[in-house]
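This report refers to the structure that appears directly beneath it.
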Amino acid sequence: MSERVAVRKTYKLFIGGKFPRSESGRSYLVQDANVSLASRKDARDAVVAARAAVKGWAGATAYNRGQILYRVAEMLEGRREQFVALGVPGDEVDAAVDRWVWYAGWSDKLPQVYGGANPVAGPYFNLSAPEPTGVVAVVAPESPALLGLVSVIAPAIVTGNTVVVATSPTQPLAAVTLAEVLATSDLPGGVVNLLTGRISETVPALAAHMDVNAIDLTGVADAELAIELEVKAAQNLKRVLRPAPADHDWSADPGITRMTTLLETKTVWHPKGV
Amino acid sequence: MTATATSARSELSELGRSETALRTFLHGLPGVDQVGAEQRAAQLGTRSIKTTAKAQAIDLAIRMVDLTTLEGADTPGKVRALAAKALRPDPADPSCPHVGAVCVYPAMVPHVAEVLRGSGVHLASVATAFPSGQAPLEVKLADTRAAVAAGADEIDMVINRGAFLAGRYSEVYDEIVAVKEACGSADGGRQGRPAAHLKVILETGELATYDNVRRASWLAMLAGGDFIKTSTGKVPVAATLPVTLVMLEAVRDFRAATGRQVGVKPAGGIKTTKDAIKYLVMVNETVGADWLDPDWFRFGASSLLNDLLMQRTKLTTGTYSGPDYFTLD
């Protein structure tokens with residue numbers, strides 16, 4: 001009997017809930033695997049997919065979004081060994097699972113903490129409520145590959161945004177594997193889109209894209225590139241999260257700034273009944 | 001071999017006289033190779049059009065758009081806004097060409113005519129009991145005359161699919177001839193203007209086979225249609241590349257046989273710049289550059305225009321644009 005040949009995985013992009021190859025047909029060798037090298041057009045397609053997903057995801061109840069994020073944590077827990085086999089430390093996988101759970105809990109609590117009734121000098125109810133800003137472009141931190149990625153995706157999507165993420169160029173396998181987790185977690189297609197490849201290629205297109213509402217520059221290590229991206233982002237007044245310092249501690253309590261930066265505030269004046 | 005090689009010009013003009021002659025001719029047209037047509041259309045769709053060629057194609061496609069709104073909810077204000085958009089599709093860029101025409105229901109024609117007067121943008125109106133075409137002939141003709149009198153210079157009529165599918169070809173033929181006459185009707189409404197152009201909608205989604213599409217195309221051209229148009233946009237299957245290919249072959253063969261050039265208008269379901277460029281490639285490869293002109297090829301569309309404008313903005317500014325920056329329609 002001939003010996004069985006193992007099936008090798010092709011690592012592809014994650015756009016609109018599907019796993020397409022790069023439109024350019026290119027790939028690059030990293031972590032002993034061929035990984036798709038995303039082009040500007042892939043970035044454009046990802047934005048289209050993310051935009052299409054905004055209505056359903058932002059329209060879902062906060063409770064429902066929380067449940068789905070919790071489901072992601074469950075699925076990630078079940079694939080723990082797979083991530084460990086990719087070289088992600090077990091502690092980091094556990095921390096990533098915990099982070100999904102932590103953010104899942106915020107889904108219906110953030111509006112209470114961050115919105116509410118405002119005192120006004122007049123016969124009105126005045127209420128402020130946070131709303132998602134829309135499509136967010138995210139540059140994931142170079143490292144830690146999994147915890148860093150989860151720590152930037154979860155706060156953006158828990159409030160109802162959809163994201164296009166440029167993953168760590170040197171450690172993309174955890175990201176592509178996380179995409180498989182997301183694809184099996186009841187997360188609607190297009191809410192999270194992952195682009196593997198060079199940051200200098202895809203992110204400038206995202207920063208200048210007029211249909212992107214915010215950009216998270218956390219993973220941009222090059223200070224000059226960060227400035228260039230902020231200038232591009234200013235064109236349509238994107239909300240911007242500045243790059244994280246090199247010594248940022250990803251295991252520390254993340255706080256709520258990542259969530260609140262990617263929100264708009266809607267304030268309603270309502271006359272009091274007589 | 002083309003069907004036309006066998007038919008002399010004089011014979012073609014006699015065909016409408018008898019049901020038998022018409023049926024014999026239409027059924028004598030060579031059958032369409034379905035697999036071949038679909039494969040050819042798919043193959044032409046793979047051409048890559050970039051940079052300056054793309055910029056040229058986008059501008060041409062914008063000039064070919066029949067900006068359409070055919071909703072029960074159309075209001076004078078809405079169609080006026082659409083007409084204003086037809087004149088200046090991209091208010092931010094004066095170099096952007098105007099579209100080919102605005103296409104509305106007859107009741108909306110006067111409101112659009114005010115805006116378009118003297119602009120070079122044509123005013124098309126659907127008529128003849130659009131979209132089903134299931135009304136008595138007198139009603140259809142009155143519909144047409146009213147649209148023409150109100151200022152439409154292009155009429156989009158629907159053929160009587162019921163009669164066509166039942167095999168009553170001369171009934172369909174006579175109707176087209178009558179509507180064609182109504183387009184140029186001297187009832188005072190035209191006031192010396194040339195007769196309105198007649199676009200004949202085949203509603204290919206209801207014709208079931210490519211053979212029927214070819215027959216309907218020939219029938220419409222023989223009866224005097226100035227354009228043949230795929231669809232109303234009101235049935236699930238609208239314009240497709242293979243159907244348009246069959247129609248383009250028909251107009252090519254018709255010109256070879258009679259010397260008269262007929263235009264083609266795919267309508268419905270063409271939403272992206274990429275789709276539009278595929279059609280342009282097919283036109284160029286099937287009938288040649290003679291048809292690459294808004295007088296001979298049009299797109300019946302509404303959402304297509306915004307995508308063309310977004311792609312145009314991308315080419316001129318280098319950044320991807322978004323739907324927030326263009327009108328909703």
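Just so we're on the same page: first chain in the structure tokens is A, next is B, and so on; residues restart at 1 for each chain, and ligands are numbered from 1 in the order they show up.
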Close residues, B:Leu44 itself excluded, 7 Å, only C-alpha atoms, min 5 positions apart in chain, as a ChimeraX atom specification:
/B:278,281-282
Residues of chain B no more than 7 Å from chain A, counting only C-alpha atoms: send them over as an mmCIF file with N, CA and C atoms, in the first residue's frame.
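Listing of result_7.cif after writing:
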```cif
data_model
loop_
_atom_site.group_PDB
_atom_site.id
_atom_site.type_symbol
_atom_site.label_atom_id
_atom_site.label_comp_id
_atom_site.auth_asym_id
_atom_site.auth_seq_id
_atom_site.Cartn_x
_atom_site.Cartn_y
_atom_site.Cartn_z
ATOM 1 N N THR B 319 -7.568 57.830 -5.253
ATOM 2 C CA THR B 319 -8.093 57.206 -4.039
ATOM 3 C C THR B 319 -9.470 56.624 -4.322
ATOM 4 N N TYR B 320 -9.775 55.523 -3.625
ATOM 5 C CA TYR B 320 -11.072 54.887 -3.796
ATOM 6 C C TYR B 320 -12.145 55.785 -3.212
ATOM 7 N N SER B 321 -13.212 55.953 -3.975
ATOM 8 C CA SER B 321 -14.299 56.778 -3.493
ATOM 9 C C SER B 321 -15.370 55.913 -2.846
ATOM 10 N N GLY B 322 -16.391 56.544 -2.295
ATOM 11 C CA GLY B 322 -17.451 55.776 -1.654
ATOM 12 C C GLY B 322 -18.807 56.281 -2.053
#
```
Within 9 Å of A:Leu110, counting only C-alpha atoms, which residues qualify if same-chain residues fewer than 2 places away don't, as number ranges by chain?
A: 106-108, 112-115, 130, 159, 256, 259-260
Correct to one decimal, the distance atom CA of A:Thr265-atom CA of A:Lys238 is 14.7 Å
Would you kindly return, as a list in words, each protein, DNA or RNA residue with an atom no farther than 12 Å from any atom of B:Ala129, considering only C-alpha atoms and excluding same-chain residues fewer than 4 positions away?
Tyr105, Pro106, Ser125, Gly133, Gln134, Ala135, Pro136, Leu137, Glu138, Val139, Lys140, Leu141, Ala142, Asp143, Thr144, Ala147, Asp156, Met157, Val158, Ile159, Asn160, Val179, Ile201 and Thr232 of chain B
Dump of N, CA and C atoms for the selected residues, as a PDB file, in the first residue's frame:
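Result saved to result-v7.pdb:
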```pdb
ATOM      1  N   TYR B 105     -41.351  56.957 -17.229  1.00  0.00           N
ATOM      2  CA  TYR B 105     -42.717  56.657 -17.655  1.00  0.00           C
ATOM      3  C   TYR B 105     -43.308  57.878 -18.371  1.00  0.00           C
ATOM      4  N   PRO B 106     -44.287  57.652 -19.267  1.00  0.00           N
ATOM      5  CA  PRO B 106     -44.861  58.760 -20.049  1.00  0.00           C
ATOM      6  C   PRO B 106     -45.374  59.907 -19.180  1.00  0.00           C
ATOM      7  N   SER B 125     -38.947  57.518 -23.251  1.00  0.00           N
ATOM      8  CA  SER B 125     -40.104  57.153 -22.440  1.00  0.00           C
ATOM      9  C   SER B 125     -40.493  55.730 -22.796  1.00  0.00           C
ATOM     10  N   GLY B 133     -47.009  44.790 -21.714  1.00  0.00           N
ATOM     11  CA  GLY B 133     -47.441  44.895 -23.105  1.00  0.00           C
ATOM     12  C   GLY B 133     -48.790  44.243 -23.348  1.00  0.00           C
ATOM     13  N   GLN B 134     -49.459  43.889 -22.261  1.00  0.00           N
ATOM     14  CA  GLN B 134     -50.739  43.205 -22.414  1.00  0.00           C
ATOM     15  C   GLN B 134     -51.875  44.226 -22.359  1.00  0.00           C
ATOM     16  N   ALA B 135     -52.061  44.954 -23.451  1.00  0.00           N
ATOM     17  CA  ALA B 135     -53.153  45.916 -23.536  1.00  0.00           C
ATOM     18  C   ALA B 135     -53.579  45.978 -24.995  1.00  0.00           C
ATOM     19  N   PRO B 136     -54.813  46.441 -25.261  1.00  0.00           N
ATOM     20  CA  PRO B 136     -55.246  46.542 -26.660  1.00  0.00           C
ATOM     21  C   PRO B 136     -54.352  47.514 -27.440  1.00  0.00           C
ATOM     22  N   LEU B 137     -54.259  47.296 -28.743  1.00  0.00           N
ATOM     23  CA  LEU B 137     -53.366  48.085 -29.582  1.00  0.00           C
ATOM     24  C   LEU B 137     -53.669  49.582 -29.508  1.00  0.00           C
ATOM     25  N   GLU B 138     -54.963  49.934 -29.449  1.00  0.00           N
ATOM     26  CA  GLU B 138     -55.308  51.368 -29.425  1.00  0.00           C
ATOM     27  C   GLU B 138     -54.711  52.030 -28.192  1.00  0.00           C
ATOM     28  N   VAL B 139     -54.762  51.304 -27.070  1.00  0.00           N
ATOM     29  CA  VAL B 139     -54.210  51.840 -25.826  1.00  0.00           C
ATOM     30  C   VAL B 139     -52.707  52.050 -25.982  1.00  0.00           C
ATOM     31  N   LYS B 140     -52.031  51.071 -26.572  1.00  0.00           N
ATOM     32  CA  LYS B 140     -50.578  51.164 -26.754  1.00  0.00           C
ATOM     33  C   LYS B 140     -50.218  52.357 -27.633  1.00  0.00           C
ATOM     34  N   LEU B 141     -51.001  52.546 -28.705  1.00  0.00           N
ATOM     35  CA  LEU B 141     -50.692  53.647 -29.617  1.00  0.00           C
ATOM     36  C   LEU B 141     -50.956  54.993 -28.947  1.00  0.00           C
ATOM     37  N   ALA B 142     -52.035  55.056 -28.176  1.00  0.00           N
ATOM     38  CA  ALA B 142     -52.338  56.302 -27.480  1.00  0.00           C
ATOM     39  C   ALA B 142     -51.234  56.613 -26.470  1.00  0.00           C
ATOM     40  N   ASP B 143     -50.770  55.582 -25.793  1.00  0.00           N
ATOM     41  CA  ASP B 143     -49.667  55.689 -24.838  1.00  0.00           C
ATOM     42  C   ASP B 143     -48.439  56.302 -25.526  1.00  0.00           C
ATOM     43  N   THR B 144     -48.132  55.757 -26.710  1.00  0.00           N
ATOM     44  CA  THR B 144     -46.968  56.208 -27.470  1.00  0.00           C
ATOM     45  C   THR B 144     -47.126  57.659 -27.911  1.00  0.00           C
ATOM     46  N   ALA B 147     -46.676  60.116 -25.101  1.00  0.00           N
ATOM     47  CA  ALA B 147     -45.275  60.284 -24.702  1.00  0.00           C
ATOM     48  C   ALA B 147     -44.538  61.177 -25.695  1.00  0.00           C
ATOM     49  N   ASP B 156     -39.357  53.563 -25.832  1.00  0.00           N
ATOM     50  CA  ASP B 156     -39.005  52.179 -25.538  1.00  0.00           C
ATOM     51  C   ASP B 156     -40.294  51.368 -25.467  1.00  0.00           C
ATOM     52  N   MET B 157     -40.574  50.618 -26.523  1.00  0.00           N
ATOM     53  CA  MET B 157     -41.806  49.817 -26.523  1.00  0.00           C
ATOM     54  C   MET B 157     -41.506  48.372 -26.156  1.00  0.00           C
ATOM     55  N   VAL B 158     -42.505  47.693 -25.632  1.00  0.00           N
ATOM     56  CA  VAL B 158     -42.345  46.257 -25.377  1.00  0.00           C
ATOM     57  C   VAL B 158     -43.069  45.495 -26.470  1.00  0.00           C
ATOM     58  N   ILE B 159     -42.485  44.370 -26.899  1.00  0.00           N
ATOM     59  CA  ILE B 159     -43.202  43.563 -27.895  1.00  0.00           C
ATOM     60  C   ILE B 159     -44.260  42.745 -27.174  1.00  0.00           C
ATOM     61  N   ASN B 160     -45.188  42.261 -27.942  1.00  0.00           N
ATOM     62  CA  ASN B 160     -46.248  41.426 -27.410  1.00  0.00           C
ATOM     63  C   ASN B 160     -45.731  39.999 -27.298  1.00  0.00           C
ATOM     64  N   VAL B 179     -46.599  51.188 -33.951  1.00  0.00           N
ATOM     65  CA  VAL B 179     -45.988  52.045 -32.929  1.00  0.00           C
ATOM     66  C   VAL B 179     -44.926  52.941 -33.563  1.00  0.00           C
ATOM     67  N   ILE B 201     -38.228  46.561 -27.025  1.00  0.00           N
ATOM     68  CA  ILE B 201     -37.801  45.703 -25.909  1.00  0.00           C
ATOM     69  C   ILE B 201     -38.272  44.273 -26.178  1.00  0.00           C
ATOM     70  N   THR B 232     -37.027  44.746 -19.828  1.00  0.00           N
ATOM     71  CA  THR B 232     -37.707  45.833 -19.139  1.00  0.00           C
ATOM     72  C   THR B 232     -37.059  46.112 -17.790  1.00  0.00           C
TER      73      THR B 232
END
```
Nearest to B:Leu116: which of B:Val102, B:Leu304, B:Ala163, B:Leu202 is it, counting only C-alpha atoms?
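Smallest separation from B:Leu116 among the options: B:Val102.
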Proximity of stretch 138-185 of chain A to stretch 19-23 of chain A: per-residue shortest pair, 12 Å limit, only C-alpha atoms, as a Markdown table:
```
| residue | atom | partner | partner_atom | distance |
| --- | --- | --- | --- | --- |
| A:Val176 | CA | A:Phe19 | CA | 9.3 |
| A:Thr177 | CA | A:Phe19 | CA | 11.2 |
| A:Ala179 | CA | A:Phe19 | CA | 8.7 |
| A:Glu180 | CA | A:Phe19 | CA | 9.0 |
| A:Leu182 | CA | A:Phe19 | CA | 11.7 |
| A:Ala183 | CA | A:Phe19 | CA | 9.4 |
```
Neighbouring residues of B:Pro76 were defined as those with any atom within 8 Å, considering only C-alpha atoms; residues of the same chain fewer than 3 positions away were excluded. Please report them as an MDAnalysis selection string.
chainID B and resid 79:80 108 111
Atoms kept (C-alpha atoms) for selection, written as a PDB file, in the first residue's frame:
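Writing the result to result00.pdb gives the following:
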```pdb
ATOM      1  CA  VAL B  79     -37.378  62.604 -12.019  1.00  0.00           C
ATOM      2  CA  ARG B  80     -36.278  66.247 -12.140  1.00  0.00           C
ATOM      3  CA  MET B 108     -43.126  61.926 -16.069  1.00  0.00           C
ATOM      4  CA  HIS B 111     -41.169  67.196 -15.984  1.00  0.00           C
TER       5      HIS B 111
END
```
What's the 8 Å shell around stretch 245-247 of chain A, counting only C-alpha atoms, without same-chain residues fewer than 2 positions away, as a PyMOL selection string?
chain A and resi 221+243+249
Using the chain letters and numbers from this document, which residues of stretch 26-154 of chain A does DSSP assign to alpha helix (DSSP H), as a ChimeraX atom specification?
/A:40-59,62-78,80-85,90-106,110-114,145-154
What does the structure give for the distance between atom CA of A:Val150 and atom CA of A:Arg242, in Å to one decimal?
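Atom-to-atom, atom CA of A:Val150 and atom CA of A:Arg242 are spaced 17.4 Å apart.
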Straight-line distance linking atom CA of B:Ala256 with atom CA of B:Phe297, stated in Å to one decimal
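Separating atom CA of B:Ala256 from atom CA of B:Phe297 is a distance of 17.9 Å.
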